[in-house]
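A.B. asks: target.csv is reproduced below (CSV, C-alpha atoms and all ligand atoms).
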chain,number,residue,atom,x,y,z
A,1,MET,CA,33.1,9.9,-37.6
A,2,LYS,CA,33.7,12.9,-39.8
A,3,ILE,CA,37.2,13.7,-40.9
A,4,SER,CA,37.7,17.4,-41.5
A,5,SER,CA,40.0,17.2,-44.4
A,6,CYS,CA,37.2,15.4,-46.4
A,7,ILE,CA,39.4,12.5,-47.2
A,8,ALA,CA,37.3,10.2,-49.4
A,9,SER,CA,36.1,7.2,-47.3
A,10,SER,CA,35.5,3.8,-48.6
A,11,LEU,CA,32.1,3.2,-49.9
A,12,ALA,CA,30.0,0.3,-48.8
A,13,ALA,CA,27.9,-0.9,-51.8
A,14,GLY,CA,25.6,2.0,-52.5
A,15,LEU,CA,26.4,3.7,-49.2
A,16,LEU,CA,27.9,7.1,-49.4
A,17,LEU,CA,29.8,8.3,-46.5
A,18,SER,CA,30.2,12.0,-46.6
A,19,ALA,CA,33.3,13.1,-44.7
A,20,CYS,CA,32.7,16.7,-45.5
A,21,ASN,CA,29.7,17.7,-43.4
A,22,GLN,CA,31.0,19.1,-40.2
A,23,ASN,CA,29.1,19.1,-36.9
A,24,GLN,CA,31.1,21.2,-34.6
A,25,PRO,CA,31.3,20.3,-31.0
A,26,ALA,CA,29.5,22.7,-28.6
A,27,LYS,CA,31.7,25.7,-27.7
A,28,GLN,CA,33.1,25.2,-24.3
A,29,ALA,CA,32.8,27.8,-21.5
A,30,THR,CA,36.2,28.1,-19.9
A,31,GLY,CA,34.3,28.9,-16.6
A,32,ASN,CA,33.8,26.9,-13.5
A,33,SER,CA,36.1,23.9,-13.5
A,34,SER,CA,36.4,23.7,-9.7
A,35,SER,CA,35.0,20.8,-7.9
A,36,SER,CA,32.8,22.9,-5.6
A,37,MET,CA,29.1,21.9,-5.2
A,38,THR,CA,26.7,24.1,-7.0
A,39,ASP,CA,23.0,24.5,-6.6
A,40,SER,CA,21.1,21.8,-8.5
A,41,ALA,CA,19.1,24.6,-10.1
A,42,GLN,CA,20.7,25.1,-13.5
A,43,THR,CA,20.0,28.9,-13.8
A,44,THR,CA,21.6,31.4,-11.5
A,45,ALA,CA,20.0,34.5,-10.1
A,46,THR,CA,21.6,36.5,-13.0
A,47,GLY,CA,19.9,34.2,-15.5
A,48,THR,CA,23.1,32.5,-16.7
A,49,VAL,CA,23.4,28.7,-16.7
A,50,ALA,CA,25.4,27.4,-13.7
A,51,ALA,CA,28.0,24.8,-14.1
A,52,PRO,CA,27.1,21.2,-13.2
A,53,ALA,CA,27.3,20.0,-9.6
A,54,THR,CA,30.3,17.9,-8.7
A,55,THR,CA,30.4,15.2,-6.0
A,56,SER,CA,32.7,12.3,-5.1
A,57,PHE,CA,32.1,9.0,-6.8
A,58,GLY,CA,34.5,7.1,-4.7
A,59,LYS,CA,38.0,5.7,-5.2
A,60,THR,CA,39.0,3.3,-8.0
A,61,THR,CA,40.7,0.1,-7.0
A,62,ASP,CA,44.1,1.8,-7.7
A,63,GLY,CA,43.2,4.6,-5.2
A,64,THR,CA,42.3,7.3,-7.7
A,65,GLU,CA,39.5,9.7,-6.5
A,66,VAL,CA,36.9,10.0,-9.2
A,67,GLN,CA,34.0,12.5,-9.4
A,68,LEU,CA,30.4,12.5,-10.4
A,69,TYR,CA,29.1,15.5,-12.4
A,70,THR,CA,25.4,16.2,-12.5
A,71,LEU,CA,23.9,18.2,-15.3
A,72,THR,CA,20.3,19.5,-15.0
A,73,ASN,CA,17.9,21.5,-17.2
A,74,ALA,CA,14.8,23.5,-16.5
A,75,HIS,CA,12.5,20.7,-17.4
A,76,GLY,CA,13.6,18.3,-14.7
A,77,LEU,CA,16.1,16.3,-16.7
A,78,LYS,CA,19.2,15.3,-14.8
A,79,VAL,CA,22.2,13.3,-16.0
A,80,SER,CA,25.1,12.1,-13.9
A,81,ILE,CA,28.4,11.3,-15.5
A,82,THR,CA,31.6,10.1,-13.9
A,83,ASN,CA,35.1,10.7,-15.2
A,84,TYR,CA,35.7,7.0,-14.6
A,85,GLY,CA,35.2,5.8,-18.2
A,86,GLY,CA,33.2,8.9,-19.0
A,87,THR,CA,30.3,6.8,-17.8
A,88,ILE,CA,26.7,8.0,-17.7
A,89,THR,CA,25.5,6.5,-14.3
A,90,SER,CA,22.0,8.0,-14.1
A,91,LEU,CA,19.6,9.8,-16.4
A,92,GLN,CA,16.3,11.1,-14.9
A,93,VAL,CA,13.6,12.0,-17.4
A,94,PRO,CA,9.9,12.9,-16.6
A,95,ASP,CA,7.2,10.5,-17.7
A,96,LYS,CA,3.8,11.6,-19.2
A,97,THR,CA,2.6,12.7,-15.7
A,98,GLY,CA,5.6,14.9,-15.3
A,99,LYS,CA,7.2,12.6,-12.7
A,100,PRO,CA,11.0,12.1,-13.3
A,101,GLY,CA,12.4,8.6,-13.3
A,102,GLU,CA,15.5,6.7,-14.1
A,103,VAL,CA,16.0,5.7,-17.7
A,104,VAL,CA,19.5,4.1,-17.7
A,105,LEU,CA,21.2,1.2,-16.0
A,106,GLY,CA,23.9,2.2,-13.6
A,107,PHE,CA,25.5,2.1,-10.1
A,108,ALA,CA,25.8,4.6,-7.3
A,109,ASN,CA,29.5,4.3,-6.8
A,110,VAL,CA,32.6,3.6,-8.9
A,111,SER,CA,33.0,0.2,-7.1
A,112,GLY,CA,29.9,-1.0,-9.0
A,113,TYR,CA,31.9,-0.5,-12.3
A,114,GLN,CA,34.9,-2.3,-10.9
A,115,SER,CA,33.3,-5.3,-9.2
A,116,PRO,CA,34.5,-8.7,-10.2
A,117,GLU,CA,31.0,-9.6,-11.4
A,118,PHE,CA,30.8,-6.4,-13.6
A,119,LEU,CA,34.2,-7.0,-15.1
A,120,LYS,CA,33.4,-10.7,-15.7
A,121,SER,CA,30.1,-10.0,-17.5
A,122,GLY,CA,31.5,-6.9,-19.3
A,123,PRO,CA,28.3,-5.0,-20.1
A,124,TYR,CA,30.0,-1.6,-20.3
A,125,PHE,CA,27.0,0.2,-18.7
A,126,GLY,CA,26.9,3.9,-19.9
A,127,ALA,CA,30.6,4.1,-20.7
A,128,LEU,CA,32.5,5.8,-23.4
A,129,ILE,CA,33.8,3.2,-25.8
A,130,GLY,CA,37.2,3.4,-27.6
A,131,ARG,CA,39.6,3.3,-29.2
A,132,TYR,CA,37.4,1.1,-31.4
A,133,GLY,CA,33.8,0.4,-30.6
A,134,ASN,CA,32.6,-3.1,-31.2
A,135,ARG,CA,34.7,-6.0,-32.6
A,136,ILE,CA,37.9,-6.3,-34.6
A,137,ALA,CA,38.2,-9.8,-35.9
A,138,LYS,CA,41.0,-11.9,-34.5
A,139,GLY,CA,42.4,-8.8,-32.7
A,140,LYS,CA,44.4,-7.7,-35.7
A,141,PHE,CA,44.4,-5.5,-38.8
A,142,THR,CA,46.9,-4.3,-41.4
A,143,LEU,CA,47.5,-0.6,-42.1
A,144,ASP,CA,49.9,0.8,-44.6
A,145,GLY,CA,51.4,-2.7,-45.0
A,146,LYS,CA,52.0,-3.2,-41.3
A,147,GLU,CA,50.1,-5.8,-39.2
A,148,TYR,CA,49.0,-4.6,-35.7
A,149,ALA,CA,48.1,-7.1,-33.0
A,150,LEU,CA,45.6,-5.9,-30.4
A,151,ALA,CA,44.7,-7.0,-26.9
A,152,LYS,CA,42.0,-9.8,-27.4
A,153,ASN,CA,39.2,-9.7,-24.8
A,154,ASN,CA,36.3,-11.4,-26.6
A,155,GLY,CA,37.4,-14.9,-27.5
A,156,GLU,CA,39.7,-14.5,-30.4
A,157,ASN,CA,38.5,-11.0,-31.1
A,158,THR,CA,39.0,-7.5,-29.7
A,159,LEU,CA,35.8,-5.8,-28.3
A,160,HIS,CA,35.3,-2.2,-27.4
A,161,GLY,CA,39.0,-1.2,-27.3
A,162,GLY,CA,40.6,-4.3,-25.7
A,163,LYS,CA,41.3,-5.3,-22.1
A,164,LYS,CA,41.5,-1.7,-20.8
A,165,GLY,CA,39.4,0.4,-23.2
A,166,PHE,CA,38.3,4.0,-22.7
A,167,ASP,CA,35.6,2.7,-20.4
A,168,LYS,CA,38.2,1.7,-17.8
A,169,VAL,CA,40.4,4.8,-17.7
A,170,VAL,CA,40.0,8.1,-15.7
A,171,TRP,CA,39.3,11.1,-18.0
A,172,GLN,CA,40.3,14.7,-17.3
A,173,ALA,CA,37.0,16.5,-16.6
A,174,GLU,CA,35.9,20.1,-17.0
A,175,PRO,CA,32.4,20.9,-16.1
A,176,GLY,CA,31.0,24.1,-17.7
A,177,THR,CA,28.3,25.7,-19.7
A,178,SER,CA,27.5,26.5,-23.3
A,179,ALA,CA,24.7,28.4,-25.0
A,180,GLU,CA,22.8,25.1,-25.1
A,181,GLY,CA,23.0,24.1,-21.4
A,182,GLN,CA,25.3,22.5,-18.9
A,183,THR,CA,28.3,20.7,-20.2
A,184,LEU,CA,31.0,18.2,-19.2
A,185,LYS,CA,34.2,18.2,-21.2
A,186,LEU,CA,36.3,15.0,-20.9
A,187,THR,CA,39.7,14.5,-22.4
A,188,TYR,CA,42.0,11.5,-22.6
A,189,LEU,CA,45.3,10.8,-24.2
A,190,SER,CA,45.5,7.2,-25.4
A,191,LYS,CA,49.2,6.6,-25.8
A,192,ASP,CA,50.9,5.1,-28.8
A,193,GLY,CA,50.7,1.3,-28.5
A,194,GLU,CA,47.9,1.3,-25.9
A,195,GLU,CA,46.1,-2.1,-26.3
A,196,GLY,CA,48.1,-2.5,-29.5
A,197,TYR,CA,46.8,0.6,-31.4
A,198,PRO,CA,49.2,2.9,-33.2
A,199,GLY,CA,49.6,6.6,-32.5
A,200,ASN,CA,49.0,9.0,-29.6
A,201,LEU,CA,45.3,9.7,-29.8
A,202,ASN,CA,44.0,12.8,-28.1
A,203,VAL,CA,40.3,12.4,-27.5
A,204,THR,CA,37.8,15.0,-26.4
A,205,VAL,CA,34.1,14.2,-25.5
A,206,VAL,CA,31.7,16.9,-24.6
A,207,TYR,CA,28.4,15.9,-23.0
A,208,THR,CA,25.7,18.7,-23.1
A,209,LEU,CA,22.2,18.5,-21.5
A,210,THR,CA,20.4,20.9,-23.7
A,211,ALA,CA,17.4,23.2,-22.9
A,212,ASP,CA,15.3,21.2,-25.4
A,213,ASP,CA,15.8,17.9,-23.4
A,214,ALA,CA,18.6,16.2,-25.4
A,215,LEU,CA,21.7,14.6,-24.1
A,216,LYS,CA,24.2,15.6,-26.8
A,217,ILE,CA,27.6,13.9,-27.1
A,218,ASP,CA,30.3,15.5,-29.3
A,219,TYR,CA,33.4,13.4,-29.9
A,220,SER,CA,36.6,14.6,-31.4
A,221,ALA,CA,40.1,13.1,-31.8
A,222,THR,CA,43.5,13.7,-33.4
A,223,THR,CA,46.4,11.4,-33.8
A,224,ASP,CA,50.1,11.4,-34.6
A,225,LYS,CA,50.0,8.1,-36.5
A,226,ALA,CA,47.3,6.6,-38.7
A,227,THR,CA,44.9,4.5,-36.5
A,228,PRO,CA,41.5,3.0,-36.5
A,229,VAL,CA,39.0,5.0,-34.3
A,230,ASN,CA,35.4,4.3,-33.6
A,231,LEU,CA,33.9,6.1,-30.6
A,232,THR,CA,30.5,5.6,-29.0
A,233,ASN,CA,28.6,5.4,-25.8
A,234,HIS,CA,27.3,2.3,-24.3
A,235,ALA,CA,24.3,3.5,-22.2
A,236,TYR,CA,21.6,1.0,-21.6
A,237,PHE,CA,18.2,2.6,-21.8
A,238,ASN,CA,15.0,1.5,-20.2
A,239,LEU,CA,12.2,4.1,-20.4
A,240,SER,CA,9.6,1.9,-18.5
A,241,GLY,CA,10.7,2.5,-15.0
A,242,GLY,CA,11.7,-1.0,-14.1
A,243,LYS,CA,10.2,-3.6,-16.4
A,244,ASP,CA,12.2,-5.3,-19.2
A,245,VAL,CA,12.5,-3.5,-22.5
A,246,LEU,CA,10.5,-5.8,-24.7
A,247,GLY,CA,7.4,-3.5,-24.7
A,248,HIS,CA,9.4,-0.5,-26.0
A,249,GLU,CA,8.4,0.4,-29.6
A,250,VAL,CA,11.4,1.1,-31.8
A,251,THR,CA,11.9,2.5,-35.2
A,252,ILE,CA,15.3,2.4,-36.9
A,253,ALA,CA,16.0,4.6,-40.0
A,254,ALA,CA,17.8,1.8,-41.9
A,255,ASP,CA,16.9,-0.4,-44.8
A,256,ARG,CA,19.9,-2.7,-44.4
A,257,TYR,CA,22.0,-4.3,-41.6
A,258,ASN,CA,25.3,-6.1,-41.3
A,259,VAL,CA,24.9,-9.9,-41.3
A,260,VAL,CA,27.3,-11.4,-38.6
A,261,ASP,CA,28.8,-14.8,-38.1
A,262,ALA,CA,28.6,-16.8,-34.8
A,263,GLY,CA,31.4,-14.6,-33.3
A,264,LEU,CA,29.3,-11.5,-34.1
A,265,ILE,CA,31.8,-10.5,-36.8
A,266,PRO,CA,30.2,-9.0,-40.0
A,267,THR,CA,30.4,-11.4,-42.9
A,268,GLY,CA,30.5,-8.5,-45.3
A,269,GLU,CA,26.9,-9.0,-46.5
A,270,LEU,CA,24.6,-5.9,-46.2
A,271,ARG,CA,21.2,-7.5,-46.1
A,272,PRO,CA,17.9,-5.7,-46.7
A,273,VAL,CA,15.7,-5.6,-43.6
A,274,LYS,CA,12.5,-5.9,-45.6
A,275,GLY,CA,10.6,-9.0,-44.6
A,276,THR,CA,12.9,-9.8,-41.7
A,277,PRO,CA,12.7,-9.3,-37.9
A,278,PHE,CA,15.3,-6.6,-38.4
A,279,ASP,CA,12.8,-4.3,-40.2
A,280,PHE,CA,12.2,-1.4,-37.8
A,281,THR,CA,11.4,1.1,-40.6
A,282,THR,CA,8.0,1.2,-39.0
A,283,PRO,CA,7.5,0.9,-35.2
A,284,HIS,CA,7.7,-2.6,-33.6
A,285,ALA,CA,7.9,-3.7,-30.0
A,286,ILE,CA,11.3,-5.0,-29.2
A,287,GLY,CA,9.8,-8.3,-28.0
A,288,GLU,CA,7.5,-8.8,-31.1
A,289,ARG,CA,10.0,-10.7,-33.2
A,290,ILE,CA,13.0,-11.1,-30.9
A,291,ALA,CA,12.5,-14.9,-30.6
A,292,GLN,CA,13.2,-15.1,-34.3
A,293,VAL,CA,16.7,-13.6,-33.8
A,294,PRO,CA,19.0,-16.2,-32.2
A,295,GLY,CA,20.5,-14.6,-29.1
A,296,GLY,CA,18.5,-11.4,-29.5
A,297,TYR,CA,19.3,-8.2,-31.3
A,298,ASP,CA,23.0,-7.3,-31.3
A,299,HIS,CA,23.6,-6.0,-34.8
A,300,ASN,CA,24.7,-2.9,-36.7
A,301,TRP,CA,22.1,-1.2,-38.9
A,302,LEU,CA,23.2,0.9,-41.9
A,303,LEU,CA,21.5,4.2,-41.4
A,304,ASN,CA,19.8,5.4,-44.6
A,305,SER,CA,21.2,8.9,-44.4
A,306,THR,CA,24.8,9.4,-43.6
A,307,THR,CA,25.2,13.1,-44.0
A,308,GLY,CA,24.9,15.8,-41.3
A,309,LEU,CA,23.1,15.0,-38.1
A,310,HIS,CA,20.5,12.5,-39.3
A,311,ALA,CA,17.8,10.2,-37.9
A,312,ALA,CA,19.0,7.0,-36.4
A,313,ALA,CA,16.1,5.7,-34.2
A,314,THR,CA,13.0,6.5,-32.2
A,315,VAL,CA,11.7,4.7,-29.1
A,316,TYR,CA,8.3,4.9,-27.4
A,317,GLU,CA,7.4,3.3,-24.1
A,318,PRO,CA,3.6,3.0,-23.9
A,319,THR,CA,3.1,2.7,-20.1
A,320,THR,CA,5.1,5.8,-19.2
A,321,GLY,CA,4.6,7.7,-22.5
A,322,ARG,CA,8.4,8.4,-22.6
A,323,THR,CA,10.0,8.9,-26.0
A,324,MET,CA,13.6,9.0,-27.1
A,325,GLU,CA,14.8,10.2,-30.5
A,326,VAL,CA,18.4,9.3,-31.6
A,327,THR,CA,20.2,11.4,-34.2
A,328,THR,CA,23.8,11.0,-35.2
A,329,THR,CA,26.5,11.9,-37.7
A,330,GLU,CA,27.6,8.2,-37.8
A,331,PRO,CA,26.7,5.8,-40.6
A,332,GLY,CA,25.7,2.9,-38.3
A,333,LEU,CA,23.7,2.0,-35.2
A,334,GLN,CA,24.4,-1.1,-33.0
A,335,PHE,CA,21.1,-2.0,-31.5
A,336,TYR,CA,21.8,-4.4,-28.6
A,337,THR,CA,19.0,-5.7,-26.4
A,338,GLY,CA,20.9,-6.6,-23.3
A,339,ASN,CA,21.0,-10.3,-24.3
A,340,PHE,CA,24.0,-11.0,-22.1
A,341,LEU,CA,22.6,-9.6,-18.9
A,342,ASP,CA,21.8,-12.5,-16.5
A,343,GLY,CA,20.6,-11.0,-13.2
A,344,THR,CA,24.0,-11.1,-11.5
A,345,LEU,CA,24.3,-7.3,-11.4
A,346,LYS,CA,22.1,-5.1,-9.1
A,347,GLY,CA,21.6,-1.4,-9.9
A,348,ALA,CA,21.7,1.8,-7.8
A,349,ASN,CA,18.2,1.2,-6.5
A,350,GLY,CA,18.8,-2.5,-5.8
A,351,GLN,CA,16.9,-3.7,-8.9
A,352,THR,CA,18.3,-6.8,-10.6
A,353,TYR,CA,19.5,-6.4,-14.1
A,354,GLY,CA,18.2,-9.5,-15.9
A,355,LYS,CA,18.1,-10.3,-19.6
A,356,HIS,CA,16.7,-7.4,-21.7
A,357,ALA,CA,16.7,-5.0,-18.7
A,358,GLY,CA,18.1,-2.4,-21.0
A,359,PHE,CA,18.8,-1.7,-24.7
A,360,CYS,CA,21.7,0.1,-26.3
A,361,MET,CA,21.8,2.3,-29.3
A,362,GLU,CA,25.5,2.6,-30.0
A,363,THR,CA,26.0,5.1,-32.9
A,364,GLN,CA,29.1,4.1,-34.7
A,365,HIS,CA,31.0,3.0,-37.8
A,366,PHE,CA,30.6,-0.6,-38.7
A,367,PRO,CA,32.2,-3.4,-36.6
A,368,ASP,CA,35.5,-4.8,-38.0
A,369,SER,CA,35.9,-2.0,-40.5
A,370,PRO,CA,39.7,-2.1,-40.3
A,371,ASN,CA,39.4,-5.6,-41.9
A,372,GLN,CA,36.6,-4.8,-44.3
A,373,PRO,CA,37.8,-2.5,-47.1
A,374,LYS,CA,34.2,-2.1,-48.4
A,375,PHE,CA,33.0,-0.5,-45.2
A,376,PRO,CA,33.3,3.3,-44.6
A,377,SER,CA,36.8,3.9,-43.4
A,378,THR,CA,37.6,4.3,-39.7
A,379,ILE,CA,41.2,5.3,-40.2
A,380,LEU,CA,42.1,8.7,-38.7
A,381,LYS,CA,45.4,10.1,-40.1
A,382,PRO,CA,47.7,12.8,-38.6
A,383,GLY,CA,46.5,16.2,-39.6
A,384,GLN,CA,42.9,15.2,-39.6
A,385,THR,CA,40.3,15.8,-36.8
A,386,LEU,CA,37.7,13.2,-36.2
A,387,LYS,CA,34.3,14.8,-35.3
A,388,SER,CA,31.2,12.9,-34.4
A,389,THR,CA,27.9,13.9,-32.7
A,390,THR,CA,25.1,11.9,-31.3
A,391,THR,CA,22.0,13.2,-29.5
A,392,TYR,CA,19.4,11.3,-27.4
A,393,LYS,CA,16.4,13.6,-27.2
A,394,PHE,CA,13.6,12.9,-24.7
A,395,GLY,CA,9.9,13.7,-24.6
A,396,VAL,CA,6.5,12.2,-23.8
A,397,ARG,CA,3.5,11.1,-25.8
A,398,GLN,CA,0.2,11.4,-23.9
B,401,LIG,C1,28.0,-4.6,-27.7
B,401,LIG,C2,28.3,-5.9,-28.4
B,401,LIG,C3,27.6,-6.9,-27.6
B,401,LIG,C4,28.1,-6.9,-26.2
B,401,LIG,C5,27.9,-5.6,-25.6
B,401,LIG,C6,28.5,-5.6,-24.2
B,401,LIG,O1,26.8,-4.1,-27.9
B,401,LIG,O2,27.9,-5.9,-29.7
B,401,LIG,O3,27.9,-8.2,-28.3
B,401,LIG,O4,29.5,-7.3,-26.2
B,401,LIG,O5,28.4,-4.6,-26.4
B,401,LIG,O6,28.1,-6.6,-23.4
Reformat the file's structure so that it appears as structure tokens.
C.D. replies:
Amino acid sequence: MKISSCIASSLAAGLLLSACNQNQPAKQATGNSSSSMTDSAQTTATGTVAAPATTSFGKTTDGTEVQLYTLTNAHGLKVSITNYGGTITSLQVPDKTGKPGEVVLGFANVSGYQSPEFLKSGPYFGALIGRYGNRIAKGKFTLDGKEYALAKNNGENTLHGGKKGFDKVVWQAEPGTSAEGQTLKLTYLSKDGEEGYPGNLNVTVVYTLTADDALKIDYSATTDKATPVNLTNHAYFNLSGGKDVLGHEVTIAADRYNVVDAGLIPTGELRPVKGTPFDFTTPHAIGERIAQVPGGYDHNWLLNSTTGLHAAATVYEPTTGRTMEVTTTEPGLQFYTGNFLDGTLKGANGQTYGKHAGFCMETQHFPDSPNQPKFPSTILKPGQTLKSTTTYKFGVRQ
């Protein structure tokens, strides 16, 4: 999160959060916002980029029609996003032979995201997460002397916004184009008091599939009362084309991580990764040391750089040659290895999503920041504009 008025943020020990380095969201074309089908080719005869294709994604359980928007680029990348939860449902990326394949977990219809099994296990496949990504301890925090009680949905804690977070609401959608490629602009008004949070929060998220093979996500938000905000996306990646993710080689640009208690709430300790299974400063297969981490990886790393759009992580999958590079304006990265997936969910192609079927790289501020004064502040105030950008850039290594 970047706050445009450069209000000084709290400093974690030795961690400087610059609130002054702006990353502007992509400019939006006002163009085609109709729901007509367009050609899947992303360039029109006149050489301009066409708007994304729009198809039906079915009806939600309360009868609302939702859509699927498919953004393509000239290199065969294709991302599908629904306005239900702003969810990335599919992302096709070529492998080292040039053959496109699925690299995220997802379903073919909105019913997959509303099934009792999905809601019970709560994996948040591909969704936009808010108002507050990750956990707030005991579902409460105090702001300007007032205690706020949130909806608890993770034992005694609040996770990913509460019972009905941004992943479970229908967003207003506007497909379009920018100089960088096809775009989908999503907006949502989270009303004062929703899930217990103060203030009417206007949120805009712009997805762009760029000509240089990045999926870029620009988040912005304004509020009329001070409120904690921590926005992210919960895509589960798997670059292997169907195996588990343990063979993926990961680097994370972080020398420290947040130690958590049994409820996955940060204890406040920022521990150096050196000499631990959390050290991904050089590439390591996910599976190499995962057995030494009880439960698997589900932690927030403190990114070394916190200014501008900086390096967060890189991933390489040796059998397909696919690579993914994550950059962000956020100070943290929640690296989660699908530890709670248990095979009860089946994907769009009928594959079973078992333990470690995907991994998440949720760029974010730190969990439980509203209760941890030493962490970078997540409080957005009236008059400020939150701005945050994350890119997932794909490639291959031969
Ligand atoms: C985040 C959390 C995990 C888990 C997943 C969703 O990554 O840190 O503990 O709740 O979301 O299943």
A.B. asks: Any idea what the distance is between atom CA of Glu156 of chain A and atom CA of Gln372 of chain A?
C.D. replies: 17.2 Å
A.B. asks: Which chains and residue numbers are within 8 Å of ligand LIG 401 (chain B), counting only C-alpha atoms and all ligand atoms, if I want them as an MDAnalysis selection string?
C.D. replies: chainID A and resid 121:124 134:135 154 159:160 234 264 298:299 334:336 338 340:341 360 362
A.B. asks: What is the atom CA of Asn238 of chain A-atom CA of Gly350 of chain A distance in Å, reported with one decimal?
C.D. replies: 15.4 Å
A.B. asks: Pick out the closest residue to Met361 of chain A from this set: A:Tyr236, A:Tyr207, A:Tyr197, A:Phe394. Count only C-alpha atoms.
C.D. replies: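 Looking at the shortest contact to Met361 of chain A, the residue is A:Tyr236.
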A.B. asks: Could you check the closest approach to Val66 of chain A for each of A:Asn200, A:Gln172, A:Thr183, A:Asn349 and tell me which residue wins, using only C-alpha atoms?
C.D. replies: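 The answer is A:Gln172, which sits nearest to Val66 of chain A.
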A.B. asks: Using all atoms listed in the file, find the one residue out of A:Thr158, A:Thr87, A:Thr327, A:Thr210 that sits nearest to Trp171 of chain A.
C.D. replies: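 Of A:Thr158, A:Thr87, A:Thr327, A:Thr210, the one nearest Trp171 of chain A is A:Thr87, counting all atoms listed in the file.
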A.B. asks: Which is closest to Asn371 of chain A among A:Pro272, A:Gly139, A:Gly321, A:Gly295, if we use only C-alpha atoms?
C.D. replies: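 Nearest to Asn371 of chain A: A:Gly139.
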A.B. asks: Hey, can you check how far atom CA of Ile217 of chain A sits from atom CA of Lys140 of chain A?
C.D. replies: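 Separation between atom CA of Ile217 of chain A and atom CA of Lys140 of chain A: 28.7 Å.
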A.B. asks: Looking at all atoms listed in the file, which of A:Ala348, A:Leu91, A:Arg131, A:Ala53 is the one that sits closest to Ala151 of chain A?
C.D. replies: A:Arg131
A.B. asks: With all atoms listed in the file as the atoms that count, which of A:Pro52, A:Gly145, A:Gly268, A:Gly106 lies nearest to Leu345 of chain A?
C.D. replies: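 Result for the nearest residue to Leu345 of chain A: A:Gly106.
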A.B. asks: Counting only C-alpha atoms, which residues in segment 194-284 of chain A sit no more than 9 Å from segment 73-84 of chain A? For each one, give the nearest pair of atoms and the distance in Å, sorted by chain then residue number, as a tab-separated table.
C.D. replies:
residue	atom	partner	partner_atom	distance
A:Tyr207	CA	A:Ile81	CA	8.8
A:Leu209	CA	A:Asn73	CA	6.8
A:Thr210	CA	A:Asn73	CA	7.0
A:Ala211	CA	A:Asn73	CA	6.0
A:Asp212	CA	A:His75	CA	8.5
A:Asp213	CA	A:Leu77	CA	6.9
A:Leu215	CA	A:Val79	CA	8.2
